[in-house]
Amino acid sequence: MEELRDEKVDLEIVSTDLVYEGAVWDVRSDTVRYGDGEMTRQYVEHPGAAAVVAIDDEERVVLIQQYRHPIKERDWEIPAGLLDVAGEPPMETAKRELTEEADLAADRWQHLVSMHTTPGGNDEVVHLFLARGLRAVETDFEREHEESDMRLERVPLADVIDGVLAGRLRNGILATGALAAAEVLRREASAR
């Protein structure tokens with residue numbers, strides 16, 4: 001078997017309609033030719049996002065907890081934000097979000113993974129980065145709405161992994177980022 005990878009499908013879009021225009025994302029309905037026929041699918045059109053697994057020198061992950069209305073919970077997350085600044089590369093978005101949400105900057109950055117969050121329902125791609133060499137920075141960013149009462153904690157990476165595997169931490173971006181970061185750290189340790 002050749003290298004395992006997702007593959008693009010070249011298909012003809014028969015029609016595309018904007019069903020709903022939202023403040024952050026839209027809903028589209030596309031009719032496409034696929035196989036021997038046509039099918040119509042609705043999906044959320046999303047600008048994408050960047051997220052950061054920020055790990056300090058004690059292998060603690062910077063987590064934020066904030067209210068998320070669709071699930072009616074305050075879930076634990078990693079700093080993240082929309083790719084909503086025209087022309088801004090995903091890593092720059094991650095750097096900006098780390099500063100805005102955690103008042104931190106990092107000296108070392110590396111790309112971890114890029115993932116489709118819900119490919120059956122939206123076209124969102126989240127780019128996850130690992131940040132190390134953390135340092136506090138001053139910011140004048142004003143947190144409002146869900147961010148106004150955001151909680152910030154540094155949690156040992158092993159505890160985050162335990163929480164993900166036990167089902168106590170269910171945020172998909174947090175889970176993917178923490179597991180990917182743990183594997184990067186494991187590979188670095190075994191290479192020494």
# chains A, B, ... in the order shown; residues from 1 in each chain; ligands from 1
$ closest_atom_pairs --of "range 92-176 of chain A" --to "range 46-69 of chain A" --cutoff "8 Å" --atoms "only C-alpha atoms" --output "Markdown table"
| residue | atom | partner | partner_atom | distance |
| --- | --- | --- | --- | --- |
| A:Thr93 | CA | A:Ala50 | CA | 6.1 |
| A:Ala94 | CA | A:Ala50 | CA | 5.2 |
| A:Lys95 | CA | A:Val52 | CA | 7.9 |
| A:Glu97 | CA | A:Ala51 | CA | 7.7 |
| A:Leu98 | CA | A:Val52 | CA | 7.0 |
| A:Glu101 | CA | A:Ile64 | CA | 7.9 |
| A:Ala102 | CA | A:Val62 | CA | 7.8 |
| A:Ala106 | CA | A:Ala54 | CA | 8.0 |
| A:Asn122 | CA | A:His46 | CA | 6.8 |
| A:Asp123 | CA | A:His46 | CA | 5.9 |
| A:Glu124 | CA | A:Gly48 | CA | 4.8 |
| A:Val125 | CA | A:Gly48 | CA | 4.9 |
| A:Val126 | CA | A:Ala49 | CA | 4.7 |
| A:His127 | CA | A:Ala50 | CA | 4.7 |
| A:Leu128 | CA | A:Ala51 | CA | 4.8 |
| A:Phe129 | CA | A:Val52 | CA | 4.8 |
| A:Leu130 | CA | A:Val53 | CA | 4.9 |
| A:Ala131 | CA | A:Ala54 | CA | 4.6 |
| A:Arg132 | CA | A:Ile55 | CA | 5.5 |
| A:Gly133 | CA | A:Asp56 | CA | 6.5 |
| A:Leu134 | CA | A:Asp56 | CA | 5.9 |
| A:Glu146 | CA | A:Tyr67 | CA | 5.6 |
| A:Glu147 | CA | A:Gln66 | CA | 6.4 |
| A:Asp149 | CA | A:Gln66 | CA | 7.2 |
| A:Met150 | CA | A:Gln66 | CA | 5.0 |
| A:Arg151 | CA | A:Gln65 | CA | 5.0 |
| A:Leu152 | CA | A:Ile64 | CA | 4.6 |
| A:Glu153 | CA | A:Leu63 | CA | 5.3 |
| A:Arg154 | CA | A:Val62 | CA | 4.6 |
| A:Val155 | CA | A:Arg60 | CA | 4.8 |
| A:Pro156 | CA | A:Arg60 | CA | 4.0 |
| A:Leu157 | CA | A:Arg60 | CA | 5.3 |
| A:Val160 | CA | A:Val61 | CA | 7.8 |
| A:Ile173 | CA | A:Ala51 | CA | 7.7 |
| A:Leu174 | CA | A:Val53 | CA | 8.0 |
$ closest_atom_pairs --of "range 41-156 of chain A" --to "range 23-27 of chain A" --cutoff "7 Å" --atoms "only C-alpha atoms" --output "Markdown table"
| residue | atom | partner | partner_atom | distance |
| --- | --- | --- | --- | --- |
| A:Gln42 | CA | A:Val27 | CA | 6.9 |
| A:Tyr43 | CA | A:Val27 | CA | 5.6 |
| A:Val44 | CA | A:Val27 | CA | 4.5 |
| A:Glu45 | CA | A:Asp26 | CA | 5.2 |
| A:His46 | CA | A:Trp25 | CA | 5.2 |
$ residues_around --residues "Val164 in chain A" --least-positions-apart "6" --cutoff "9 Å" --atoms "only C-alpha atoms" --output "number ranges by chain"
A: 170-171, 174-175, 178-179
$ atom_distance --atom1 "CA of Val113 in chain A" --atom2 "CA of Pro90 in chain A"
11.7 Å
$ atom_distance --atom1 "CA of Gly172 in chain A" --atom2 "CA of Thr117 in chain A"
7.5 Å
$ closest_residue --among "A:Glu77, A:Met39, A:Leu11, A:Gln110" --to "Glu92 in chain A" --atoms "only C-alpha atoms"
A:Gln110
$ select_by_dssp --residues "chain A" --states "strand (DSSP E)" --output "PyMOL selection string"
chain A and resi 12-21+26-34+37-45+49-54+60-68+73-77+80-82+104-116+125-136+151-156
$ atom_distance --atom1 "CA of Met115 in chain A" --atom2 "CA of Lys8 in chain A"
14.7 Å
$ closest_residue --among "A:Val184, A:Ala136, A:Ile13, A:Ala86" --to "Thr99 in chain A" --atoms "only C-alpha atoms"
A:Ala136
$ select_by_dssp --residues "range 53-148 of chain A" --states "alpha helix (DSSP H)" --output "list in words"
Pro90, Met91, Glu92, Thr93, Ala94, Lys95, Arg96, Glu97, Leu98, Thr99, Glu100, Glu101 and Ala102 of chain A
$ decode --residues "range 65-77 of chain A" --atoms "N, CA, C and O atoms" --output "compact mmCIF listing (two decimals), in the first residue's frame"
# COMPACT_ATOMS: atom_id res chain seq x y z
N GLN A 65 -10.88 27.75 30.21
CA GLN A 65 -12.23 27.21 30.33
C GLN A 65 -13.19 28.36 30.05
O GLN A 65 -13.09 29.42 30.65
N GLN A 66 -14.10 28.11 29.11
CA GLN A 66 -15.08 29.14 28.80
C GLN A 66 -16.40 28.52 28.38
O GLN A 66 -16.46 27.35 27.99
N TYR A 67 -17.45 29.32 28.50
CA TYR A 67 -18.79 28.87 28.16
C TYR A 67 -18.93 28.71 26.65
O TYR A 67 -18.52 29.57 25.88
N ARG A 68 -19.53 27.58 26.24
CA ARG A 68 -19.83 27.32 24.83
C ARG A 68 -21.32 27.03 24.71
O ARG A 68 -21.80 26.01 25.19
N HIS A 69 -22.03 27.95 24.09
CA HIS A 69 -23.49 27.86 24.07
C HIS A 69 -24.05 26.60 23.40
O HIS A 69 -24.98 26.01 23.94
N PRO A 70 -23.54 26.15 22.25
CA PRO A 70 -24.15 24.96 21.64
C PRO A 70 -24.18 23.73 22.57
O PRO A 70 -25.11 22.94 22.50
N ILE A 71 -23.18 23.59 23.44
CA ILE A 71 -23.17 22.43 24.35
C ILE A 71 -23.63 22.81 25.76
O ILE A 71 -23.72 21.96 26.63
N LYS A 72 -23.87 24.10 26.00
CA LYS A 72 -24.34 24.60 27.31
C LYS A 72 -23.40 24.18 28.43
O LYS A 72 -23.83 23.79 29.51
N GLU A 73 -22.11 24.26 28.17
CA GLU A 73 -21.09 23.89 29.15
C GLU A 73 -19.94 24.88 29.10
O GLU A 73 -19.74 25.57 28.10
N ARG A 74 -19.20 24.91 30.19
CA ARG A 74 -17.90 25.59 30.23
C ARG A 74 -16.87 24.48 30.02
O ARG A 74 -16.62 23.71 30.93
N ASP A 75 -16.36 24.37 28.82
CA ASP A 75 -15.43 23.28 28.55
C ASP A 75 -13.99 23.77 28.61
O ASP A 75 -13.70 24.96 28.50
N TRP A 76 -13.09 22.83 28.82
CA TRP A 76 -11.66 23.12 28.83
C TRP A 76 -11.16 23.05 27.39
O TRP A 76 -11.49 22.14 26.65
N GLU A 77 -10.37 24.04 27.02
CA GLU A 77 -9.86 24.18 25.66
C GLU A 77 -8.42 24.64 25.70
O GLU A 77 -7.91 25.02 26.75
